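The file protein-v1.csv contains CSV, C-alpha atoms:
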```csv
chain,number,residue,atom,x,y,z
A,77,MET,CA,-143.8,-53.9,8.3
A,78,PRO,CA,-141.2,-53.7,11.1
A,79,THR,CA,-139.1,-50.6,11.3
A,80,ILE,CA,-141.2,-48.9,8.6
A,81,GLY,CA,-143.4,-46.2,9.9
A,82,LYS,CA,-145.8,-43.9,8.0
A,83,ARG,CA,-143.2,-41.5,6.8
A,84,THR,CA,-140.7,-44.1,5.6
A,85,ALA,CA,-143.5,-46.0,3.9
A,86,GLN,CA,-144.5,-42.8,2.1
A,87,ARG,CA,-140.9,-42.1,1.1
A,88,LEU,CA,-140.5,-45.7,-0.3
A,89,ALA,CA,-143.7,-45.5,-2.2
A,90,LEU,CA,-142.8,-42.2,-3.8
A,91,TYR,CA,-139.4,-43.7,-4.7
A,92,LEU,CA,-141.1,-46.6,-6.5
A,93,VAL,CA,-143.5,-44.3,-8.3
A,94,LYS,CA,-140.5,-42.4,-9.8
A,95,ALA,CA,-138.3,-45.5,-10.3
A,96,PRO,CA,-138.0,-47.1,-13.8
A,97,LYS,CA,-140.5,-49.8,-14.6
A,98,GLU,CA,-137.8,-52.5,-14.9
A,99,GLU,CA,-136.5,-51.8,-11.4
A,100,VAL,CA,-140.0,-52.1,-9.9
A,101,ALA,CA,-140.6,-55.4,-11.8
A,102,ALA,CA,-137.3,-56.8,-10.5
A,103,LEU,CA,-138.3,-56.0,-7.0
A,104,VAL,CA,-141.7,-57.6,-7.4
A,105,ASP,CA,-140.1,-60.7,-9.0
A,106,ALA,CA,-137.5,-61.0,-6.2
A,107,ILE,CA,-140.2,-60.8,-3.5
A,108,VAL,CA,-142.4,-63.5,-5.3
A,109,LYS,CA,-139.4,-65.8,-5.8
A,110,MET,CA,-138.2,-65.4,-2.2
A,111,LYS,CA,-141.7,-66.2,-1.0
A,112,GLU,CA,-141.9,-69.3,-3.3
A,113,ARG,CA,-138.5,-70.6,-2.5
A,114,VAL,CA,-137.7,-69.8,1.2
A,115,ARG,CA,-139.3,-72.0,3.7
A,116,PHE,CA,-138.5,-73.5,7.1
A,117,CYS,CA,-136.1,-76.5,7.4
A,118,SER,CA,-138.1,-79.6,8.3
A,119,GLN,CA,-135.4,-80.5,10.8
A,120,CYS,CA,-134.3,-77.4,12.7
A,121,GLY,CA,-136.9,-74.8,11.6
A,122,SER,CA,-134.5,-72.2,10.4
A,123,LEU,CA,-134.7,-70.7,6.9
A,124,SER,CA,-134.0,-72.9,3.9
A,125,GLU,CA,-134.5,-73.2,0.2
A,126,ASP,CA,-134.8,-77.0,0.5
A,127,ASP,CA,-136.7,-79.3,2.7
A,128,VAL,CA,-133.5,-79.6,4.9
A,129,CYS,CA,-131.3,-76.6,5.4
A,130,PRO,CA,-127.5,-76.4,4.6
A,131,ILE,CA,-126.5,-76.5,8.2
A,132,CYS,CA,-128.6,-79.7,8.9
A,133,ARG,CA,-127.1,-81.3,5.7
A,134,ASP,CA,-123.5,-80.3,6.4
A,135,PRO,CA,-121.6,-83.4,7.4
A,136,LYS,CA,-118.9,-81.2,9.1
A,137,ARG,CA,-121.4,-79.9,11.8
A,138,ASP,CA,-121.2,-81.5,15.2
A,139,ARG,CA,-124.4,-83.5,15.6
A,140,SER,CA,-123.9,-84.1,19.3
A,141,VAL,CA,-124.8,-80.4,20.1
A,142,ILE,CA,-128.0,-78.6,19.5
A,143,CYS,CA,-128.4,-74.8,20.1
A,144,VAL,CA,-132.0,-73.7,20.8
A,145,VAL,CA,-132.9,-70.2,19.7
A,146,GLU,CA,-136.2,-68.2,19.4
A,147,GLU,CA,-136.2,-67.1,15.8
A,148,PRO,CA,-134.4,-67.9,12.5
A,149,GLY,CA,-132.6,-64.5,12.7
A,150,ASN,CA,-130.8,-65.7,15.8
A,151,VAL,CA,-129.3,-68.6,13.7
A,152,MET,CA,-127.7,-66.1,11.3
A,153,ARG,CA,-126.4,-63.9,14.1
A,154,ILE,CA,-124.8,-66.9,15.8
A,155,GLU,CA,-123.4,-68.2,12.5
A,156,SER,CA,-121.7,-64.9,11.9
A,157,THR,CA,-119.6,-65.4,15.0
A,158,GLY,CA,-118.0,-68.6,13.6
A,159,GLU,CA,-117.8,-69.9,17.2
A,160,TYR,CA,-120.5,-72.6,17.1
A,161,LYS,CA,-120.2,-75.7,15.0
A,162,GLY,CA,-123.2,-77.8,16.1
A,163,LEU,CA,-126.9,-77.9,14.9
A,164,TYR,CA,-129.8,-75.6,15.8
A,165,HIS,CA,-133.4,-75.8,16.8
A,166,VAL,CA,-135.6,-72.8,16.2
A,167,LEU,CA,-138.6,-72.5,18.5
A,168,HIS,CA,-140.4,-69.8,16.4
A,169,GLY,CA,-141.4,-68.0,19.6
A,170,ARG,CA,-141.0,-67.8,23.3
A,171,LEU,CA,-143.2,-68.4,26.4
A,172,SER,CA,-145.4,-65.3,26.6
A,173,PRO,CA,-148.5,-65.7,28.7
A,174,LEU,CA,-149.6,-62.2,27.9
A,175,ASP,CA,-149.7,-63.0,24.2
A,176,GLY,CA,-151.2,-66.4,24.9
A,177,ILE,CA,-148.1,-68.4,24.0
A,178,GLY,CA,-147.8,-71.4,26.3
A,179,PRO,CA,-145.5,-74.4,26.4
A,180,GLU,CA,-147.6,-76.4,23.9
A,181,ASP,CA,-146.9,-73.7,21.2
A,182,LEU,CA,-143.1,-74.3,21.4
A,183,ALA,CA,-143.2,-77.9,20.1
A,184,ILE,CA,-140.7,-79.2,22.6
A,185,ASP,CA,-141.6,-82.8,21.7
A,186,LYS,CA,-140.1,-82.2,18.3
A,187,LEU,CA,-136.9,-81.1,20.0
A,188,GLU,CA,-136.9,-84.2,22.2
A,189,ARG,CA,-137.3,-86.5,19.2
A,190,ARG,CA,-134.4,-84.8,17.5
A,191,ILE,CA,-132.2,-85.2,20.6
A,192,GLU,CA,-133.0,-88.9,20.8
A,193,ASN,CA,-132.6,-89.6,17.0
A,194,LEU,CA,-129.3,-87.7,16.7
A,195,GLY,CA,-127.9,-88.9,20.0
A,196,VAL,CA,-127.3,-85.3,21.2
A,197,LYS,CA,-125.0,-84.9,24.2
A,198,GLU,CA,-125.5,-81.2,24.9
A,199,VAL,CA,-128.3,-78.7,24.4
A,200,ILE,CA,-127.2,-75.0,24.5
A,201,ILE,CA,-130.1,-72.8,25.2
A,202,ALA,CA,-129.6,-69.4,23.6
A,203,THR,CA,-133.0,-67.7,24.1
A,204,ASN,CA,-132.9,-63.9,24.5
A,205,PRO,CA,-131.6,-62.7,27.9
A,206,ASN,CA,-134.9,-61.0,28.9
A,207,VAL,CA,-137.8,-62.1,31.0
A,208,GLU,CA,-139.7,-64.1,28.4
A,209,GLY,CA,-136.5,-65.7,27.0
A,210,GLU,CA,-135.3,-66.7,30.5
A,211,ALA,CA,-138.7,-68.2,31.3
A,212,THR,CA,-138.5,-70.1,28.0
A,213,CYS,CA,-134.9,-71.3,28.9
A,214,ASN,CA,-136.0,-72.5,32.3
A,215,TYR,CA,-139.0,-74.3,30.9
A,216,ILE,CA,-137.0,-76.1,28.3
A,217,ALA,CA,-134.3,-77.0,30.8
A,218,GLN,CA,-136.9,-78.6,33.0
A,219,ALA,CA,-138.6,-80.4,30.1
A,220,LEU,CA,-135.3,-81.9,28.9
A,221,LYS,CA,-134.1,-82.9,32.3
A,222,PRO,CA,-135.4,-86.5,32.2
A,223,LEU,CA,-133.3,-87.1,29.1
A,224,GLY,CA,-130.2,-86.9,31.3
A,225,ILE,CA,-128.1,-84.9,28.8
A,226,LYS,CA,-126.0,-81.8,29.5
A,227,ILE,CA,-128.0,-78.6,29.3
A,228,THR,CA,-126.2,-75.3,29.2
A,229,SER,CA,-127.2,-71.6,28.6
A,230,ILE,CA,-125.0,-69.0,27.0
A,231,ALA,CA,-123.3,-66.5,29.4
A,232,THR,CA,-124.9,-63.3,30.5
A,233,GLY,CA,-122.5,-60.6,31.6
A,234,VAL,CA,-120.8,-57.4,30.5
A,235,PRO,CA,-120.5,-57.1,26.8
A,236,ILE,CA,-117.0,-57.1,25.2
A,237,GLY,CA,-115.5,-53.7,24.4
A,238,SER,CA,-117.7,-51.9,26.9
A,239,ASP,CA,-117.0,-50.3,30.3
A,240,LEU,CA,-118.3,-51.4,33.7
A,241,ASP,CA,-119.8,-47.9,34.1
A,242,PHE,CA,-122.1,-48.5,31.2
A,243,ALA,CA,-123.4,-51.9,32.4
A,244,ASP,CA,-126.8,-51.9,34.1
A,245,GLU,CA,-127.1,-53.3,37.6
A,246,MET,CA,-128.8,-56.5,36.7
A,247,THR,CA,-126.1,-57.3,34.1
A,248,LEU,CA,-123.3,-56.5,36.5
A,249,SER,CA,-125.0,-58.6,39.2
A,250,ARG,CA,-125.1,-61.6,36.8
A,251,ALA,CA,-121.5,-61.0,35.8
A,252,PHE,CA,-120.5,-61.4,39.4
A,253,ARG,CA,-122.6,-64.5,40.0
A,254,GLY,CA,-121.4,-66.0,36.7
A,255,ARG,CA,-117.7,-65.3,37.3
A,256,ALA,CA,-115.3,-67.9,36.0
A,257,GLU,CA,-112.0,-69.1,37.5
A,258,ILE,CA,-108.8,-68.1,35.6
A,259,LYS,CA,-106.6,-71.2,35.4
B,131,MET,CA,-113.3,-31.3,32.1
B,132,PRO,CA,-114.8,-34.6,30.9
B,133,THR,CA,-118.2,-34.4,29.0
B,134,ILE,CA,-118.0,-30.6,29.0
B,135,GLY,CA,-117.2,-29.1,25.6
B,136,LYS,CA,-116.9,-25.5,24.6
B,137,ARG,CA,-120.6,-24.8,24.2
B,138,THR,CA,-121.5,-26.5,27.5
B,139,ALA,CA,-118.7,-24.6,29.3
B,140,GLN,CA,-120.1,-21.3,27.9
B,141,ARG,CA,-123.6,-22.1,29.0
B,142,LEU,CA,-122.5,-23.0,32.5
B,143,ALA,CA,-120.3,-19.9,32.8
B,144,LEU,CA,-123.2,-17.7,31.6
B,145,TYR,CA,-125.5,-19.4,34.2
B,146,LEU,CA,-123.0,-18.6,37.0
B,147,VAL,CA,-122.8,-15.0,35.8
B,148,LYS,CA,-126.6,-14.6,36.2
B,149,ALA,CA,-126.9,-16.7,39.4
B,150,PRO,CA,-127.3,-15.1,42.8
B,151,LYS,CA,-124.0,-14.4,44.6
B,152,GLU,CA,-124.9,-16.9,47.4
B,153,GLU,CA,-125.4,-19.8,45.0
B,154,VAL,CA,-122.0,-19.2,43.4
B,155,ALA,CA,-120.4,-19.0,46.9
B,156,ALA,CA,-122.1,-22.2,47.9
B,157,LEU,CA,-120.7,-24.0,44.8
B,158,VAL,CA,-117.2,-22.7,45.4
B,159,ASP,CA,-117.4,-23.7,49.0
B,160,ALA,CA,-118.6,-27.2,48.1
B,161,ILE,CA,-115.8,-27.7,45.6
B,162,VAL,CA,-113.2,-26.5,48.2
B,163,LYS,CA,-114.6,-28.8,50.9
B,164,MET,CA,-114.8,-31.8,48.6
B,165,LYS,CA,-111.2,-31.3,47.6
B,166,GLU,CA,-110.1,-30.9,51.2
B,167,ARG,CA,-112.1,-33.9,52.5
B,168,VAL,CA,-112.2,-36.6,49.9
B,169,ARG,CA,-109.1,-38.6,49.4
B,170,PHE,CA,-108.2,-42.2,48.6
B,171,CYS,CA,-108.6,-45.0,51.1
B,172,SER,CA,-105.1,-46.0,52.4
B,173,GLN,CA,-106.2,-49.7,52.2
B,174,CYS,CA,-108.2,-50.2,49.0
B,175,GLY,CA,-107.7,-46.9,47.1
B,176,SER,CA,-111.3,-46.0,46.6
B,177,LEU,CA,-112.8,-42.6,47.6
B,178,SER,CA,-113.0,-41.9,51.3
B,179,GLU,CA,-113.4,-39.0,53.8
B,180,ASP,CA,-111.2,-40.8,56.3
B,181,ASP,CA,-107.9,-42.6,56.1
B,182,VAL,CA,-109.8,-45.9,55.7
B,183,CYS,CA,-113.0,-46.0,53.7
B,184,PRO,CA,-116.4,-47.2,55.1
B,185,ILE,CA,-116.2,-50.4,53.1
B,186,CYS,CA,-112.8,-51.4,54.5
B,187,ARG,CA,-114.0,-50.5,58.0
B,188,ASP,CA,-117.3,-52.4,57.8
B,189,PRO,CA,-117.1,-55.5,59.9
B,190,LYS,CA,-119.9,-57.1,57.9
B,191,ARG,CA,-117.9,-57.2,54.7
B,192,ASP,CA,-116.4,-60.5,53.7
B,193,ARG,CA,-112.6,-60.1,54.2
B,194,SER,CA,-111.8,-63.3,52.3
B,195,VAL,CA,-112.7,-61.8,48.9
B,196,ILE,CA,-111.1,-58.9,47.1
B,197,CYS,CA,-112.5,-57.4,43.9
B,198,VAL,CA,-110.0,-55.6,41.7
B,199,VAL,CA,-111.3,-52.7,39.6
B,200,GLU,CA,-109.6,-50.0,37.5
B,201,GLU,CA,-111.2,-46.8,39.0
B,202,PRO,CA,-113.0,-45.6,42.1
B,203,GLY,CA,-116.1,-45.1,40.0
B,204,ASN,CA,-116.3,-48.8,39.4
B,205,VAL,CA,-116.6,-49.4,43.1
B,206,MET,CA,-119.7,-47.3,43.3
B,207,ARG,CA,-121.2,-49.0,40.2
B,208,ILE,CA,-120.6,-52.5,41.7
B,209,GLU,CA,-122.0,-51.4,45.1
B,210,SER,CA,-125.2,-50.2,43.5
B,211,THR,CA,-125.9,-53.9,42.4
B,212,GLY,CA,-125.9,-55.0,46.1
B,213,GLU,CA,-124.5,-58.4,44.8
B,214,TYR,CA,-121.0,-58.2,46.1
B,215,LYS,CA,-120.2,-58.2,49.8
B,216,GLY,CA,-116.4,-58.4,49.9
B,217,LEU,CA,-113.6,-55.8,49.8
B,218,TYR,CA,-112.2,-53.9,46.8
B,219,HIS,CA,-108.8,-52.9,45.4
B,220,VAL,CA,-108.6,-50.0,43.1
B,221,LEU,CA,-105.7,-50.0,40.6
B,222,HIS,CA,-106.2,-46.3,39.5
B,223,GLY,CA,-105.4,-47.3,36.0
B,224,ARG,CA,-104.9,-50.2,33.5
B,225,LEU,CA,-102.0,-51.5,31.5
B,226,SER,CA,-101.7,-49.2,28.5
B,227,PRO,CA,-98.4,-49.3,26.7
B,228,LEU,CA,-99.5,-46.5,24.3
B,229,ASP,CA,-100.0,-44.2,27.3
B,230,GLY,CA,-96.7,-45.4,28.9
B,231,ILE,CA,-98.6,-47.2,31.7
B,232,GLY,CA,-96.7,-50.5,32.6
B,233,PRO,CA,-97.1,-53.1,35.3
B,234,GLU,CA,-95.0,-51.1,37.7
B,235,ASP,CA,-97.6,-48.3,37.7
B,236,LEU,CA,-100.4,-50.6,39.0
B,237,ALA,CA,-98.8,-51.3,42.4
B,238,ILE,CA,-99.5,-55.0,42.4
B,239,ASP,CA,-97.2,-55.5,45.3
B,240,LYS,CA,-99.6,-53.5,47.5
B,241,LEU,CA,-102.4,-55.9,46.4
B,242,GLU,CA,-100.2,-58.9,47.2
B,243,ARG,CA,-99.5,-57.6,50.7
B,244,ARG,CA,-103.3,-57.0,51.4
B,245,ILE,CA,-104.1,-60.6,50.2
B,246,GLU,CA,-101.5,-62.0,52.6
B,247,ASN,CA,-102.4,-59.8,55.5
B,248,LEU,CA,-106.2,-60.3,55.2
B,249,GLY,CA,-105.9,-64.1,54.4
B,250,VAL,CA,-107.9,-63.6,51.2
B,251,LYS,CA,-109.2,-66.8,49.5
B,252,GLU,CA,-110.5,-65.4,46.2
B,253,VAL,CA,-109.6,-62.4,44.0
B,254,ILE,CA,-112.3,-61.4,41.6
B,255,ILE,CA,-110.9,-59.3,38.7
B,256,ALA,CA,-113.5,-56.8,37.4
B,257,THR,CA,-111.4,-54.7,35.0
B,258,ASN,CA,-113.3,-53.4,32.0
B,259,PRO,CA,-114.1,-55.9,29.2
B,260,ASN,CA,-112.0,-54.2,26.6
B,261,VAL,CA,-108.5,-54.7,25.2
B,262,GLU,CA,-106.6,-52.8,28.0
B,263,GLY,CA,-108.8,-54.1,30.8
B,264,GLU,CA,-108.3,-57.7,29.6
B,265,ALA,CA,-104.6,-57.3,29.3
B,266,THR,CA,-104.6,-55.9,32.9
B,267,CYS,CA,-106.7,-58.9,34.1
B,268,ASN,CA,-104.3,-61.4,32.5
B,269,TYR,CA,-101.3,-59.7,34.0
B,270,ILE,CA,-102.8,-59.6,37.5
B,271,ALA,CA,-103.9,-63.2,37.2
B,272,GLN,CA,-100.3,-64.3,36.3
B,273,ALA,CA,-98.8,-62.1,39.0
B,274,LEU,CA,-101.0,-63.6,41.7
B,275,LYS,CA,-100.7,-67.2,40.6
B,276,PRO,CA,-97.8,-68.0,43.0
B,277,LEU,CA,-100.0,-67.1,46.0
B,278,GLY,CA,-102.1,-70.2,45.2
B,279,ILE,CA,-105.5,-68.6,45.8
B,280,LYS,CA,-108.6,-68.7,43.7
B,281,ILE,CA,-108.6,-66.1,40.9
B,282,THR,CA,-111.8,-65.4,39.0
B,283,SER,CA,-113.0,-62.8,36.5
B,284,ILE,CA,-116.6,-61.4,36.1
B,285,ALA,CA,-118.6,-63.0,33.3
B,286,THR,CA,-118.6,-61.4,29.8
B,287,GLY,CA,-121.7,-62.2,27.7
B,288,VAL,CA,-125.0,-60.9,26.4
B,289,PRO,CA,-126.4,-58.2,28.7
B,290,ILE,CA,-129.6,-58.8,30.6
B,291,GLY,CA,-132.8,-57.4,29.0
B,292,SER,CA,-131.3,-57.3,25.6
B,293,ASP,CA,-131.8,-59.3,22.4
B,294,LEU,CA,-129.3,-61.7,20.7
B,295,ASP,CA,-129.7,-59.6,17.5
B,296,PHE,CA,-128.2,-56.6,19.3
B,297,ALA,CA,-125.1,-58.5,20.6
B,298,ASP,CA,-121.9,-58.0,18.6
B,299,GLU,CA,-120.0,-61.0,17.3
B,300,MET,CA,-117.2,-60.9,19.9
B,301,THR,CA,-119.7,-60.8,22.8
B,302,LEU,CA,-121.9,-63.6,21.3
B,303,SER,CA,-118.7,-65.7,20.8
B,304,ARG,CA,-117.7,-65.2,24.4
B,305,ALA,CA,-121.3,-66.0,25.6
B,306,PHE,CA,-121.0,-69.4,23.8
B,307,ARG,CA,-117.5,-70.1,25.2
B,308,GLY,CA,-118.6,-69.0,28.7
B,309,ARG,CA,-121.9,-71.0,28.8
B,310,ALA,CA,-122.8,-72.5,32.1
B,311,GLU,CA,-124.5,-75.8,32.9
B,312,ILE,CA,-128.2,-75.6,34.1
B,313,LYS,CA,-128.5,-78.0,37.1
```
Since I need it in another form, could you write the structure as structure tokens?
Amino acid sequence: MPTIGKRTAQRLALYLVKAPKEEVAALVDAIVKMKERVRFCSQCGSLSEDDVCPICRDPKRDRSVICVVEEPGNVMRIESTGEYKGLYHVLHGRLSPLDGIGPEDLAIDKLERRIENLGVKEVIIATNPNVEGEATCNYIAQALKPLGIKITSIATGVPIGSDLDFADEMTLSRAFRGRAEIK
Amino acid sequence: MPTIGKRTAQRLALYLVKAPKEEVAALVDAIVKMKERVRFCSQCGSLSEDDVCPICRDPKRDRSVICVVEEPGNVMRIESTGEYKGLYHVLHGRLSPLDGIGPEDLAIDKLERRIENLGVKEVIIATNPNVEGEATCNYIAQALKPLGIKITSIATGVPIGSDLDFADEMTLSRAFRGRAEIK
């Protein structure tokens, strides 16, 4: 499992061997229930206990904006900022020729149908700011172009609270190109 | 001295005690020469061996843009990206009420004179993306407003090569607000 190597696995296993029977039973029960209950939202593809997730059901969310992300974890991360009030679309992956993941694996047609059905006016692409994420972003932007809606991507630049001296050259370069006018 | 604590200082001192006499003499000589030769450029305030630094002297640099930074080290950092071709202006500090550094210590009038003399069309503010740096950025933007030139700031957002999961909430928030249209 991710982040658990051989030594951590051994430590966890030994902990469970020593733990009271009830604690181990509760853990097993929680895993089984989680696996039974949690699935992917039929609309946006993020995690949900129902067919449609709470965000897609929420009448207060702005249905004219869809934010495209790679994984369900990204939805939680963005929600924690409280900045974004629209809907999401989870790709469950990214373009990755080396891993054999091509455009057909990203189900862009499903995204296109949602855009048309909901009357979406802006798609914000928030794939990861690395090589595969940017290739995915460009591919989606091209694919959605015929729909004639606004397509944006989240800003890359120097992170808040940091120092220019800690920014790598690529990031600093982008920060210059992406500079914004102060009104 | 910065980054050198008690233990490192001791290790360095012991190294010099053991080092050949010539090596120590060369180090002392280098420090003395550096201190004699390196000063601040009379125009932009960055490091220079002459009255005017090589960047200010270079006829190929774009004299219609000035990038404002906090320290001379920031100039080197930005130069390493190769992205920026204009001139610089080093503040040698930032607004910091707790340290008693107010607007009068930043010598904004000198910047204003340079803008007028050079016929600058855009000022790019590249102060650090933290509380003091942003206060400094806002102060300069306000102070330069009457000149009627374009004032921009470098982009804050998720750094290149990283993952949304590693971005803090403030940065992710800004990345959404600072999103740019894909044409």
Quick one: everything within 10 Å of Met206 (chain B), counting only C-alpha atoms, minus sequence neighbours fewer than 3 positions away in the same chain. Send it as a PDB file with C-alpha atoms, keeping the file's coordinate frame.
```pdb
ATOM      1  CA  ASP A 241    -119.800 -47.900  34.100  1.00  0.00           C
TER       2      ASP A 241
ATOM      3  CA  SER B 176    -111.300 -46.000  46.600  1.00  0.00           C
ATOM      4  CA  LEU B 177    -112.800 -42.600  47.600  1.00  0.00           C
ATOM      5  CA  GLU B 201    -111.200 -46.800  39.000  1.00  0.00           C
ATOM      6  CA  PRO B 202    -113.000 -45.600  42.100  1.00  0.00           C
ATOM      7  CA  GLY B 203    -116.100 -45.100  40.000  1.00  0.00           C
ATOM      8  CA  GLU B 209    -122.000 -51.400  45.100  1.00  0.00           C
ATOM      9  CA  SER B 210    -125.200 -50.200  43.500  1.00  0.00           C
ATOM     10  CA  THR B 211    -125.900 -53.900  42.400  1.00  0.00           C
TER      11      THR B 211
END
```
Margin query: Based on all atoms listed in the file, which of the residues in chain A come within 7 Å of chain B? I want them as number ranges by chain.
Written below: A: 150, 153, 156-157, 159, 204-206, 227-241, 245-249, 251-252, 254-258
Checklist line | Point-to-point distance in Å for CA of Lys136 (chain A) and CA of Leu182 (chain A) | finding: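 Taking CA of Leu182 (chain A) and CA of Lys136 (chain A), their separation equals 28.0 Å.
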Next item on the list: Would you kindly return, as a VMD selection string, each protein, DNA or RNA residue with an atom no farther than 8 Å from any atom of Ser118 (chain A), considering only C-alpha atoms and excluding same-chain residues fewer than 4 positions away?
Entry: chain A and resid 127 to 129
Checklist line | Shell of 8 Å around Ile196 (chain B), only C-alpha atoms, local chain residues under 3 positions omitted, as a PyMOL selection string | finding: chain B and resi 193+216-219+245+250+252-254
Dump as a PDB file, in the coordinates of the input, selection limited to C-alpha atoms:
```
ATOM      1  CA  ARG B 193    -112.600 -60.100  54.200  1.00  0.00           C
ATOM      2  CA  GLY B 216    -116.400 -58.400  49.900  1.00  0.00           C
ATOM      3  CA  LEU B 217    -113.600 -55.800  49.800  1.00  0.00           C
ATOM      4  CA  TYR B 218    -112.200 -53.900  46.800  1.00  0.00           C
ATOM      5  CA  HIS B 219    -108.800 -52.900  45.400  1.00  0.00           C
ATOM      6  CA  ILE B 245    -104.100 -60.600  50.200  1.00  0.00           C
ATOM      7  CA  VAL B 250    -107.900 -63.600  51.200  1.00  0.00           C
ATOM      8  CA  GLU B 252    -110.500 -65.400  46.200  1.00  0.00           C
ATOM      9  CA  VAL B 253    -109.600 -62.400  44.000  1.00  0.00           C
ATOM     10  CA  ILE B 254    -112.300 -61.400  41.600  1.00  0.00           C
TER      11      ILE B 254
END
```
Next item on the list: Using only C-alpha atoms, pick whichever of A:Pro173, A:Glu98, A:Leu167, A:Leu103 has the shortest atom-to-atom distance to Gln119 (chain A).
Entry: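 Ranking A:Pro173, A:Glu98, A:Leu167, A:Leu103 by distance to Gln119 (chain A), first place goes to A:Leu167.
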Check: In Å to one decimal, how far is CA of Pro222 (chain A) from CA of Asp138 (chain A)?
Finding: 22.7 Å
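Taking CA of Ala219 (chain A) and CA of Glu192 (chain A) as endpoints, the distance between them is 13.8 Å.
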Item checked: Selection near Ile238 (chain B), 12 Å with all atoms listed in the file, sequence-local residues under 2 positions removed, as JSON, numbers by chain -> {"B": [174, 198, 219, 220, 221, 222, 223, 224, 225, 232, 233, 234, 235, 236, 240, 241, 242, 243, 244, 245, 266, 267, 269, 270, 271, 272, 273, 274]}
